[in-house]
Amino acid sequence: MALLREGIADADGYALPLAVLHGMPGIGKTALAVHAAHRLAEDYPAGQLYVDLHGFSGRRPVDPAEALAFLLQAAGTGQALPDTLDERAAAWREWTAHHRVLVVLDNARDAAQVRPLLPGSAGCLAIVTSRNRLSALDGASSLAVDALSAREAAALFTRIAGTARTSRDPEALELLVDACGRHPLATTLLAGRFRHREIWDLRHLLERLAQTSDPLDELDEEVFVSAFRFSYAELTSGTRRLLRLLALHPGPDITAAAAAALSGRGDGLGPGGGAEGVRRSIEELLDCHLLAEPVLGRYQLHDLTRAFALRMSIAEEPEEARGDAVGRLLGYCLTSAHRAHRLTHPRRRALEPERLSVYAAEFGDAQEAAAWLDAERANLLAAARTAAAEDQSSAALFPHALAPSLRIWGSWAVTNELYGAAVEALRSRGNPLLLAQTLVEAAEVLAQTGPGEALSCAGEALTLFQDLRDPAGCADSSLQASRAHLAAGHTGPALRMVARALALYRDLDDLHGEADCLNVEGAALYHEGRYDEALGRARRTLHIHEGTGDLLGQIRAHNNIGEIHQIHGHIEHARDHLERSRVLARLHSGAREIAILDTNLGTVYQAMGDTSRALEGFRRSLESHRARGDALGEANALISLGAAQAANGDDEGALRHFTLAEEVARRIDSAYERTRALLGVADVHRSAGRAAPAMEVYEQARLLSERTGSRPAAARALEGLARTALATHRDELALGYAEKGAEVYRSLGREAEAESLRQLLPGRTGRTGS
């Protein structure tokens, strides 16, 4: 710690203080870096950030662009996440130029991985840990982290093994920790084994350690490897095999049930269960510190243990046996997820997996199933990605098995990856029903990030279902096509497709499908400014969902009714419905619904004059949408933020958020949200007296609104053009825009806005008779 402080103090005041802690695996680099960050925290009031770069973890090293995404989000910069590495690095340097922050970049692979992540100010501090020296990092203070002192190592061993047995032979204790190289992890492993071998003494342990050989090639430290080899050799054969197979598990942690599936021991396991032999092996691994239990019933391998176990797996398990183990694990995940969703989404059209795993979990009720899905989220996604990369037969099945949760989790990038692999695999399998169903589900999730791709999936699914003479599938495909059109801002096609779906659902007496169609119809009518019709659809939707007990449907219906009341200026009614929706959303644990409600309630608070509360809701919504990768929600939240800031006189902040929203909407090809963002940009320019850019952007918005059929947006664009032209004394031009805008407002039943435009040029409008 003293050397680290000295290195920081040596910085010249102009360059970023940068310390590189390097040393062998498990030597304590991370612990020292984190300890230093806590000790130095007061000097960096903007916060302390930590990123594990997985440089030597057996996992894919974190790409600098991914790391920057995490840093920018964790820092709370309030900006949209840039697309490229260079843009993210520039945004990170810009933010850190104005904030004193301490950053720990742990387990770096090389200098190239680190450079883009370094803060941009001498007022910050970066601490990097790596197994390499990273000498290519210019200006870095290099600190080699060596082994513990003899005293520290002996104290560590004694703390684990107990004073009673170690105090009998202090000389043997000193020799033992020296034989371990006074390495913290090796010392911990040996002390743990010694503690559970009560008939051993320290001399016996020294002899056994001296006899251990065959170091792990990747870790060029014989003593460290000897400690691993020694602990491994002392395990029972079944436990050694379990350890080798645990290294094949792709997720962050594992339960006894999943471990039993990997090992092929025990069947008919319930959630968290496992064969007795697996349980004994897990306890044995815990006892010798080769496995950790950070949460009750959930186990983790240390990265170094995983690396050792994987090497042993490759060396001692035949390739076929390793493949079979992973296959059993994937089967366990697939079947368990299918059973869980059968309870949490009983009305869903679910196709049973071709082969049911005998190891899969069984659930007593929907609540238990939902809890399992929530706890296993990271593992299920990791298993699905493993299948996508390595096992086509499983890759074809995972997205359908996980579909309800994928929609809730909102991990759009991963979801798109999984559906892409599934569709590719299914095209060659001769199962048109599963392919069609998977395409429908893909369309539903892709609508948030790629409406065009969603429409393509829905269209292909519709063709397949028509060939299969499956009216329910045709209805589902038509519904998803309408949603894709709506997400892109194309209300006319959306209304035509949803009408087809509605007719099919009514023929099938499917109330849930009918309600879904009415919801889409209402949204499309809302976008077109047909608010009374939209309100009628929303009320009918709510009535159906209340009758069927569909909680999620009620959440969305109350939200839609609240939005329409807000447009009409009925603020108390709007607030009442939105608050009811939020209460239900909290019961449902729907992050996406809560984020949407934060935006809509923020708009209500803004109308009530409570700007600070409105901004708080908008920012919370924006953070949630970004965390889940929901680009459509992000654009909406950015527009709401911009509108609130504009109303509050913060033109700079408003312009920034409107511009970001336009970029997000353009990226996902959402013409509706892009039009809204452009109108916000133009309004800010007009209020600031910048007539030329205001006219240009209003015209862009007008053309987009005509393409999408959004009459409210068209009216706003025409009004903006009229008022801007009038301010620059172009009366004839202003008159033309005002007349067209008033006509659109009248078609929407908004006579007050129409009259306002008619009065814009009273001298001219009187002569035209308008």
# chains A, B, ... in the order shown; residues from 1 in each chain; ligands from 1
call {"tool": "select_by_dssp", "arguments": {"residues": "segment 75-118 of chain A", "states": "strand (DSSP E or B)", "output": "list in words"}}
result
Leu102, Val103, Val104, Leu105, Asp106, Asn107 and Ala108 of chain A
call {"tool": "write_last_selection", "arguments": {"atoms": "N, CA, C and O atoms", "output": "compact mmCIF listing (two decimals), in the first residue's frame"}}
result
# COMPACT_ATOMS: atom_id res chain seq x y z
N LEU A 102 -11.97 7.21 -9.28
CA LEU A 102 -10.94 6.16 -9.18
C LEU A 102 -11.48 4.92 -9.89
O LEU A 102 -12.60 4.48 -9.61
N VAL A 103 -10.68 4.36 -10.79
CA VAL A 103 -11.11 3.22 -11.58
C VAL A 103 -10.17 2.05 -11.34
O VAL A 103 -8.94 2.20 -11.46
N VAL A 104 -10.73 0.91 -11.00
CA VAL A 104 -9.96 -0.33 -10.89
C VAL A 104 -10.26 -1.19 -12.12
O VAL A 104 -11.42 -1.58 -12.33
N LEU A 105 -9.24 -1.44 -12.93
CA LEU A 105 -9.36 -2.29 -14.12
C LEU A 105 -8.69 -3.61 -13.80
O LEU A 105 -7.46 -3.74 -13.88
N ASP A 106 -9.48 -4.57 -13.42
CA ASP A 106 -8.96 -5.82 -12.86
C ASP A 106 -8.77 -6.88 -13.94
O ASP A 106 -9.58 -7.02 -14.85
N ASN A 107 -7.68 -7.64 -13.81
CA ASN A 107 -7.43 -8.81 -14.66
C ASN A 107 -7.34 -8.43 -16.14
O ASN A 107 -8.02 -9.01 -16.99
N ALA A 108 -6.48 -7.47 -16.42
CA ALA A 108 -6.30 -7.01 -17.80
C ALA A 108 -5.41 -7.98 -18.57
O ALA A 108 -4.45 -8.53 -18.02
call {"tool": "atom_distance", "arguments": {"atom1": "atom CA of Ser478 of chain A", "atom2": "atom CA of Gly459 of chain A"}}
result
7.9 Å
call {"tool": "residues_around", "arguments": {"residues": "Ala37 of chain A", "least_positions_apart": "6", "cutoff": "10 Å", "atoms": "only C-alpha atoms", "output": "number ranges by chain"}}
result
A: 31, 43-44, 47-50, 102-104, 125-127
call {"tool": "closest_residue", "arguments": {"among": "A:Gly547, A:Gly522, A:Pro353, A:Gly26", "to": "Ile561 of chain A", "atoms": "only C-alpha atoms"}}
result
A:Gly522
call {"tool": "closest_residue", "arguments": {"among": "A:Gln700, A:Arg168, A:Gly450, A:Arg537", "to": "Arg667 of chain A", "atoms": "only C-alpha atoms"}}
result
A:Gly450
call {"tool": "residues_around", "arguments": {"residues": "His35 of chain A", "least_positions_apart": "5", "cutoff": "12 Å", "atoms": "only C-alpha atoms", "output": "PyMOL selection string"}}
result
chain A and resi 1+4+28-30+40-41+48+104+127
call {"tool": "residues_around", "arguments": {"residues": "Ala713 of chain A", "least_positions_apart": "6", "cutoff": "12 Å", "atoms": "only C-alpha atoms", "output": "MDAnalysis selection string"}}
result
chainID A and resid 489 526:529 671:680 698:707 719:720 741 744:745 748
call {"tool": "write_last_selection", "arguments": {"atoms": "C-alpha atoms", "output": "JSON list (two decimals), in the first residue's frame"}}
result
[["chain", "number", "residue", "atom", "x", "y", "z"],
["A", 489, "GLY", "CA", -44.46, 4.22, -37.11],
["A", 526, "TYR", "CA", -53.46, 7.12, -30.75],
["A", 527, "HIS", "CA", -50.51, 7.71, -33.08],
["A", 528, "GLU", "CA", -52.93, 8.99, -35.72],
["A", 529, "GLY", "CA", -54.53, 11.39, -33.25],
["A", 671, "ALA", "CA", -40.12, 6.87, -37.97],
["A", 672, "TYR", "CA", -42.73, 7.77, -35.33],
["A", 673, "GLU", "CA", -40.20, 8.39, -32.53],
["A", 674, "ARG", "CA", -37.82, 10.09, -34.96],
["A", 675, "THR", "CA", -40.57, 12.52, -35.98],
["A", 676, "ARG", "CA", -41.25, 13.36, -32.33],
["A", 677, "ALA", "CA", -37.56, 13.94, -31.69],
["A", 678, "LEU", "CA", -37.19, 16.17, -34.77],
["A", 679, "LEU", "CA", -40.14, 18.27, -33.67],
["A", 680, "GLY", "CA", -38.45, 18.76, -30.30],
["A", 698, "TYR", "CA", -39.66, 21.13, -39.15],
["A", 699, "GLU", "CA", -39.73, 20.23, -42.83],
["A", 700, "GLN", "CA", -37.96, 16.91, -42.13],
["A", 701, "ALA", "CA", -40.56, 16.16, -39.45],
["A", 702, "ARG", "CA", -43.41, 17.09, -41.80],
["A", 703, "LEU", "CA", -42.20, 14.74, -44.51],
["A", 704, "LEU", "CA", -41.74, 11.89, -42.02],
["A", 705, "SER", "CA", -45.19, 12.44, -40.52],
["A", 706, "GLU", "CA", -46.77, 12.25, -43.96],
["A", 707, "ARG", "CA", -44.95, 8.98, -44.61],
["A", 719, "GLU", "CA", -47.63, 24.99, -37.05],
["A", 720, "GLY", "CA", -43.91, 25.24, -36.36],
["A", 741, "GLY", "CA", -52.01, 23.10, -40.18],
["A", 744, "VAL", "CA", -55.22, 19.01, -39.95],
["A", 745, "TYR", "CA", -56.03, 20.21, -36.44],
["A", 748, "LEU", "CA", -58.37, 15.84, -35.27]]
call {"tool": "residues_around", "arguments": {"residues": "Thr491 of chain A", "least_positions_apart": "3", "cutoff": "10 Å", "atoms": "only C-alpha atoms", "output": "PyMOL selection string"}}
result
chain A and resi 482-483+485-488+494-497+520-521+523-528+672+707-710
call {"tool": "residues_around", "arguments": {"residues": "segment 597-605 of chain A", "least_positions_apart": "3", "cutoff": "10 Å", "atoms": "only C-alpha atoms", "output": "PyMOL selection string"}}
result
chain A and resi 555-556+559-560+562-563+565-567+569-572+574-579+581-582+585+591-594+608-622+624+633+636-641+643-644
call {"tool": "closest_residue", "arguments": {"among": "A:Pro116, A:Phe56, A:Leu418, A:Arg723", "to": "Leu68 of chain A", "atoms": "only C-alpha atoms"}}
result
A:Pro116
call {"tool": "decode", "arguments": {"residues": "segment 556-569 of chain A", "atoms": "all heavy atoms", "output": "PDB file, in the first residue's frame"}}
result
ATOM      1  N   ARG A 556     -51.061  -2.739 -18.972  1.00  0.00           N
ATOM      2  CA  ARG A 556     -50.909  -1.996 -20.228  1.00  0.00           C
ATOM      3  C   ARG A 556     -52.166  -1.196 -20.567  1.00  0.00           C
ATOM      4  O   ARG A 556     -52.084  -0.077 -21.086  1.00  0.00           O
ATOM      5  CB  ARG A 556     -50.553  -2.970 -21.351  1.00  0.00           C
ATOM      6  CG  ARG A 556     -49.163  -3.575 -21.169  1.00  0.00           C
ATOM      7  CD  ARG A 556     -48.873  -4.692 -22.148  1.00  0.00           C
ATOM      8  NE  ARG A 556     -47.500  -5.163 -21.985  1.00  0.00           N
ATOM      9  CZ  ARG A 556     -47.011  -6.261 -22.546  1.00  0.00           C
ATOM     10  NH1 ARG A 556     -47.797  -7.011 -23.324  1.00  0.00           N
ATOM     11  NH2 ARG A 556     -45.760  -6.613 -22.342  1.00  0.00           N
ATOM     12  N   ALA A 557     -53.320  -1.761 -20.275  1.00  0.00           N
ATOM     13  CA  ALA A 557     -54.565  -1.054 -20.581  1.00  0.00           C
ATOM     14  C   ALA A 557     -54.711   0.200 -19.729  1.00  0.00           C
ATOM     15  O   ALA A 557     -55.077   1.278 -20.232  1.00  0.00           O
ATOM     16  CB  ALA A 557     -55.756  -1.990 -20.375  1.00  0.00           C
ATOM     17  N   HIS A 558     -54.458   0.093 -18.422  1.00  0.00           N
ATOM     18  CA  HIS A 558     -54.521   1.275 -17.555  1.00  0.00           C
ATOM     19  C   HIS A 558     -53.512   2.330 -18.026  1.00  0.00           C
ATOM     20  O   HIS A 558     -53.812   3.536 -18.012  1.00  0.00           O
ATOM     21  CB  HIS A 558     -54.223   0.888 -16.108  1.00  0.00           C
ATOM     22  CG  HIS A 558     -55.416   0.375 -15.357  1.00  0.00           C
ATOM     23  ND1 HIS A 558     -56.544   1.140 -15.123  1.00  0.00           N
ATOM     24  CD2 HIS A 558     -55.654  -0.837 -14.775  1.00  0.00           C
ATOM     25  CE1 HIS A 558     -57.428   0.426 -14.435  1.00  0.00           C
ATOM     26  NE2 HIS A 558     -56.918  -0.771 -14.214  1.00  0.00           N
ATOM     27  N   ASN A 559     -52.331   1.884 -18.421  1.00  0.00           N
ATOM     28  CA  ASN A 559     -51.327   2.818 -18.915  1.00  0.00           C
ATOM     29  C   ASN A 559     -51.832   3.561 -20.153  1.00  0.00           C
ATOM     30  O   ASN A 559     -51.712   4.789 -20.266  1.00  0.00           O
ATOM     31  CB  ASN A 559     -50.037   2.069 -19.253  1.00  0.00           C
ATOM     32  CG  ASN A 559     -49.015   2.962 -19.930  1.00  0.00           C
ATOM     33  OD1 ASN A 559     -48.404   3.810 -19.295  1.00  0.00           O
ATOM     34  ND2 ASN A 559     -48.828   2.774 -21.225  1.00  0.00           N
ATOM     35  N   ASN A 560     -52.431   2.830 -21.090  1.00  0.00           N
ATOM     36  CA  ASN A 560     -52.913   3.452 -22.321  1.00  0.00           C
ATOM     37  C   ASN A 560     -54.043   4.441 -22.048  1.00  0.00           C
ATOM     38  O   ASN A 560     -54.101   5.527 -22.637  1.00  0.00           O
ATOM     39  CB  ASN A 560     -53.386   2.377 -23.295  1.00  0.00           C
ATOM     40  CG  ASN A 560     -52.235   1.499 -23.779  1.00  0.00           C
ATOM     41  OD1 ASN A 560     -51.076   1.871 -23.655  1.00  0.00           O
ATOM     42  ND2 ASN A 560     -52.564   0.336 -24.329  1.00  0.00           N
ATOM     43  N   ILE A 561     -54.945   4.050 -21.158  1.00  0.00           N
ATOM     44  CA  ILE A 561     -56.044   4.955 -20.807  1.00  0.00           C
ATOM     45  C   ILE A 561     -55.482   6.232 -20.173  1.00  0.00           C
ATOM     46  O   ILE A 561     -55.926   7.343 -20.475  1.00  0.00           O
ATOM     47  CB  ILE A 561     -57.038   4.255 -19.860  1.00  0.00           C
ATOM     48  CG1 ILE A 561     -57.750   3.108 -20.591  1.00  0.00           C
ATOM     49  CG2 ILE A 561     -58.051   5.252 -19.306  1.00  0.00           C
ATOM     50  CD1 ILE A 561     -58.583   2.219 -19.690  1.00  0.00           C
ATOM     51  N   GLY A 562     -54.496   6.066 -19.302  1.00  0.00           N
ATOM     52  CA  GLY A 562     -53.871   7.232 -18.669  1.00  0.00           C
ATOM     53  C   GLY A 562     -53.218   8.156 -19.677  1.00  0.00           C
ATOM     54  O   GLY A 562     -53.337   9.388 -19.587  1.00  0.00           O
ATOM     55  N   GLU A 563     -52.526   7.582 -20.659  1.00  0.00           N
ATOM     56  CA  GLU A 563     -51.884   8.402 -21.696  1.00  0.00           C
ATOM     57  C   GLU A 563     -52.910   9.236 -22.454  1.00  0.00           C
ATOM     58  O   GLU A 563     -52.691  10.419 -22.740  1.00  0.00           O
ATOM     59  CB  GLU A 563     -51.133   7.511 -22.686  1.00  0.00           C
ATOM     60  CG  GLU A 563     -49.744   7.097 -22.256  1.00  0.00           C
ATOM     61  CD  GLU A 563     -48.946   6.554 -23.425  1.00  0.00           C
ATOM     62  OE1 GLU A 563     -49.051   5.334 -23.690  1.00  0.00           O
ATOM     63  OE2 GLU A 563     -48.221   7.328 -24.071  1.00  0.00           O
ATOM     64  N   ILE A 564     -54.035   8.623 -22.806  1.00  0.00           N
ATOM     65  CA  ILE A 564     -55.052   9.335 -23.588  1.00  0.00           C
ATOM     66  C   ILE A 564     -55.692  10.441 -22.751  1.00  0.00           C
ATOM     67  O   ILE A 564     -55.927  11.555 -23.240  1.00  0.00           O
ATOM     68  CB  ILE A 564     -56.104   8.343 -24.121  1.00  0.00           C
ATOM     69  CG1 ILE A 564     -55.428   7.327 -25.065  1.00  0.00           C
ATOM     70  CG2 ILE A 564     -57.217   9.088 -24.848  1.00  0.00           C
ATOM     71  CD1 ILE A 564     -56.287   6.133 -25.400  1.00  0.00           C
ATOM     72  N   HIS A 565     -55.962  10.165 -21.487  1.00  0.00           N
ATOM     73  CA  HIS A 565     -56.508  11.209 -20.612  1.00  0.00           C
ATOM     74  C   HIS A 565     -55.527  12.382 -20.502  1.00  0.00           C
ATOM     75  O   HIS A 565     -55.938  13.551 -20.466  1.00  0.00           O
ATOM     76  CB  HIS A 565     -56.794  10.647 -19.219  1.00  0.00           C
ATOM     77  CG  HIS A 565     -58.110   9.919 -19.128  1.00  0.00           C
ATOM     78  ND1 HIS A 565     -59.296  10.459 -19.573  1.00  0.00           N
ATOM     79  CD2 HIS A 565     -58.421   8.679 -18.621  1.00  0.00           C
ATOM     80  CE1 HIS A 565     -60.283   9.604 -19.357  1.00  0.00           C
ATOM     81  NE2 HIS A 565     -59.781   8.513 -18.786  1.00  0.00           N
ATOM     82  N   GLN A 566     -54.249  12.072 -20.457  1.00  0.00           N
ATOM     83  CA  GLN A 566     -53.245  13.139 -20.358  1.00  0.00           C
ATOM     84  C   GLN A 566     -53.267  14.033 -21.601  1.00  0.00           C
ATOM     85  O   GLN A 566     -53.188  15.263 -21.507  1.00  0.00           O
ATOM     86  CB  GLN A 566     -51.861  12.501 -20.162  1.00  0.00           C
ATOM     87  CG  GLN A 566     -50.755  13.500 -19.811  1.00  0.00           C
ATOM     88  CD  GLN A 566     -50.127  14.128 -21.020  1.00  0.00           C
ATOM     89  OE1 GLN A 566     -49.973  13.463 -22.046  1.00  0.00           O
ATOM     90  NE2 GLN A 566     -49.754  15.396 -20.926  1.00  0.00           N
ATOM     91  N   ILE A 567     -53.418  13.417 -22.772  1.00  0.00           N
ATOM     92  CA  ILE A 567     -53.490  14.180 -24.021  1.00  0.00           C
ATOM     93  C   ILE A 567     -54.702  15.119 -23.996  1.00  0.00           C
ATOM     94  O   ILE A 567     -54.643  16.266 -24.447  1.00  0.00           O
ATOM     95  CB  ILE A 567     -53.576  13.230 -25.230  1.00  0.00           C
ATOM     96  CG1 ILE A 567     -52.207  12.598 -25.500  1.00  0.00           C
ATOM     97  CG2 ILE A 567     -54.086  13.944 -26.464  1.00  0.00           C
ATOM     98  CD1 ILE A 567     -51.199  13.552 -26.117  1.00  0.00           C
ATOM     99  N   HIS A 568     -55.813  14.632 -23.455  1.00  0.00           N
ATOM    100  CA  HIS A 568     -57.049  15.431 -23.383  1.00  0.00           C
ATOM    101  C   HIS A 568     -56.984  16.492 -22.282  1.00  0.00           C
ATOM    102  O   HIS A 568     -57.902  17.317 -22.165  1.00  0.00           O
ATOM    103  CB  HIS A 568     -58.256  14.529 -23.131  1.00  0.00           C
ATOM    104  CG  HIS A 568     -58.755  13.824 -24.369  1.00  0.00           C
ATOM    105  ND1 HIS A 568     -59.005  14.484 -25.544  1.00  0.00           N
ATOM    106  CD2 HIS A 568     -59.052  12.513 -24.602  1.00  0.00           C
ATOM    107  CE1 HIS A 568     -59.441  13.633 -26.451  1.00  0.00           C
ATOM    108  NE2 HIS A 568     -59.467  12.425 -25.919  1.00  0.00           N
ATOM    109  N   GLY A 569     -55.945  16.456 -21.458  1.00  0.00           N
ATOM    110  CA  GLY A 569     -55.836  17.421 -20.373  1.00  0.00           C
ATOM    111  C   GLY A 569     -56.544  17.017 -19.111  1.00  0.00           C
ATOM    112  O   GLY A 569     -56.664  17.811 -18.172  1.00  0.00           O
TER     113      GLY A 569
END
